[in-house]
Amino acid sequence: MSQPVIVVIKRHALRTVLSLTILLFFVLHAFKVIEWDFIYALEHKVYDTRLELTLPNTTDPRIVIVDIDEPSLREIGRWPWNRAVMAKLVDQLFNTYQIDVLGMDAMFAEHDNSSGLKKLEELAQGPLKEATSFLDILTGLRNTLDYDKVFSKSLQSRRIVLSYAFTTAQEAMTNIETGQLPPPAFTRQEVQTHGLKYIEGRGFAANLPEFQASALTAGHFNMEPDSDGIVRRVPMLYGYKGQLYESLSLAVTRIALGVSHLELDFSIEGKQRYLKNLIIGNRKIPVDEYLQTLVPYRGTSPRFPYVSAANVLKGQINNPALLQNKIVLLGTTAQGLSDLRVTPMGNIYPGVEIHANLIAGILDNSIMSALLHQNILEFWLFLLIGLVMITLLPLFSPLMATLGTLGLSGLLVWVNLVIWADHHLVLPLAMTLLLILSLFIFNMSYGYFVESSNKRHLTNLFGQYIPPELVDEMSKNLGNTFSMEGESRKMTVLFSDVRGFTTISEGLDPKELSELMNEYLTPMTRIIHEHRGTIDKYMGDAIMAFWGAPLHDAQHARHALDAAMEMIQHLTEMQPLFKAKGWPEIQIGTGLNTGVMSVGNMGSQFRIAYTVLGDSVNLGSRLEGLTKQYGVQIIVSEATQATVPEYLYRELDRVRVKGKDQPVAIFEPIGLRNKVDVQTVVEIGCYEQALASYRQQKWAEAKTQFTELHQQSPEQVLYRLYAERVEYFMENPPAKNWDGVYTFTTK
């Protein structure tokens, strides 16, 4: 830890101790030494928010819900319907609409006597037992009026899953057993062997034995709302008398996939073994330690096709393909039938659609999994984030602390959402965010009104070099990261010089010359500042500026080139003003180079300035000097050209500037690629072909090409320059080891 940090911690010892106390409370909560209910409620709300942000909001056509809706109840009668109607409904679904699997989110625990058969049987055994004609008629009617038998027959040899419910300790009549359970998914011995934990039922209400025997299987429809009454998870397996029974959604999916039994997927950590997933074929279903899984809601209801049960019975489904070969769930959205649940999707959500969401999630392998040991993760997060904030918040201004806290929270939320969306993993978030907020509020309350001198300090240091906007931006960063001390950075430097300034100055009196330079330098400086540049110095008519210090700028080369291009454009627009005042036309040459430079306060004990030095700076100056020889206004080095690929360039030459042995490619920026006209692009293409001929010493071909280019654009000094070089080399061939590099012996 650096010395300044240690000093700050000592200076804020009380703040640090109190912050550590806050951190300790959160650590104790993570390990359940102390527990706060409101944090669990907050975690639920954060979970719901993440869910809402990542909902697919698409309809899944693979699963169709046959709805015992209000119109069906009005048309057919109140629920429960007689078993003959239910048998017809089943027959219609399988025979007429050819569905694949039917899951019934309804229970048939009592006999149906609505046909009057029971009363007729009593008459046959009593007053009419001697009435032969009556008994004959009754014999013929028995198969028709025995609605239970009719319904039972409709269940046979079909992929049908019934449903039932376990009672819990919180419910009345918990030990009552009604009906018959299906075979367990895991026997008592298997449960004991694997050491499985589960939610224990105290009783059950199931289907009549004859119905259970006729159907393929059955699944429970128990749901376990969280403490706030919202259904976020469902037990995939429920325990009863030591055995485990599968849920309706699990059973329906298993039958649909043609899988005979479930498998268990364990995670082994050291000597401990933890159940991670239930396996159906190649589908994994993440479960928690009590065999519950999170419901993968697709969005607000409806997210699955619904058809009215009444329309199925009447055979009035407009699109039969909607049901063909589909998984069908029979359920209800009618408010009077008590199967509307409170979910993250809303306070009125059909219970049958919860099962549909689970089936879709299993089929898609998209069910979220929760971390097994989330308290361990929370502990390390608390420790890391808490110590970082406790250390840094005393160093920050209120604004910087606010932005840092928001940034940290945003990063945490973003990482959490990425892991949620990409890996289907639920990581704890609320407590960590609450820790960040608690530490922030405490520290701001402790020292929010302590005035920071950071901005004033920066203004004193850099105000003469950069615009106030950059000083403001710097003040929002760590104040002690900006200093006048020398350091090496990769930056971009700009040199700009007025051509023929000596001649211009000789033609004006001192007052006019001063006015002219002010008119010229002021907008040029403004442009540099607008593009985040730092003015190094004015050298008479010349400007030296750089990008990348004191404020780091990842796009320093782009900003420098944008500034140079705008300077040329603005100077063109200023010419009428100069002419109106009787001043001569001003042309400038500009050179840019990108590279590592030394930047900082440099000078003597008598005068010191914030400036840049180094070979990269010298090269930028040399490039500005070459602009006149090549007849261009801006020259950039190959380093700058490579850093700003958004621009189209014309390669001018490969040169050795005075004082340098290493050759460098130099370029003229033409403009942004998406704004350069086609004619210019074609011309540059022809020029590049001519330049290639020149470098390959195809002198005759190069002469023809450069001559044609010069004839088409006689104002281009560059074409004439190369034409003259070619003629020279045709008469004075270069050495065999000629590398195409032109060496300058003057600046």
# chains A, B, ... in the order shown; residues from 1 in each chain; ligands from 1
$ residues_around --residues "segment 389-392 of chain A" --least-positions-apart "3" --cutoff "7 Å" --atoms "only C-alpha atoms" --output "VMD selection string"
chain A and resid 9 16 19 385 to 386 395 to 396
$ write_last_selection --atoms "C-alpha atoms" --output "PDB file, in the first residue's frame"
ATOM      1  CA  ILE A   9      -6.266   5.873   6.518  1.00  0.00           C
ATOM      2  CA  THR A  16     -12.268   3.443   8.798  1.00  0.00           C
ATOM      3  CA  SER A  19     -16.813   1.375   7.999  1.00  0.00           C
ATOM      4  CA  ILE A 385     -15.461  -4.473  -2.303  1.00  0.00           C
ATOM      5  CA  GLY A 386     -15.660  -3.379   1.326  1.00  0.00           C
ATOM      6  CA  LEU A 395      -9.577   9.925  -0.950  1.00  0.00           C
ATOM      7  CA  PHE A 396     -12.442  10.897  -3.245  1.00  0.00           C
TER       8      PHE A 396
END
$ closest_residue --among "A:His355, A:Arg622, A:Arg489, A:His424" --to "Ser163 of chain A" --atoms "only C-alpha atoms"
A:His355
$ residues_around --residues "Leu162 of chain A" --least-positions-apart "3" --cutoff "7 Å" --atoms "only C-alpha atoms" --output "list in words"
Gly103, Met104, Ala215, Thr217, Ala218 and Gly219 of chain A
$ write_last_selection --atoms "C-alpha atoms" --output "PDB file, in the first residue's frame"
ATOM      1  CA  GLY A 103     -51.116 -33.061 -18.441  1.00  0.00           C
ATOM      2  CA  MET A 104     -54.160 -32.453 -16.280  1.00  0.00           C
ATOM      3  CA  ALA A 215     -53.256 -43.006 -16.622  1.00  0.00           C
ATOM      4  CA  THR A 217     -48.548 -41.506 -14.207  1.00  0.00           C
ATOM      5  CA  ALA A 218     -49.279 -38.418 -12.141  1.00  0.00           C
ATOM      6  CA  GLY A 219     -47.349 -35.445 -10.819  1.00  0.00           C
TER       7      GLY A 219
END
$ select_by_dssp --residues "segment 305-445 of chain A" --states "strand (DSSP E)" --output "ChimeraX atom specification"
/A:306-308,327-331,340-343,346-350,369-370,425-426
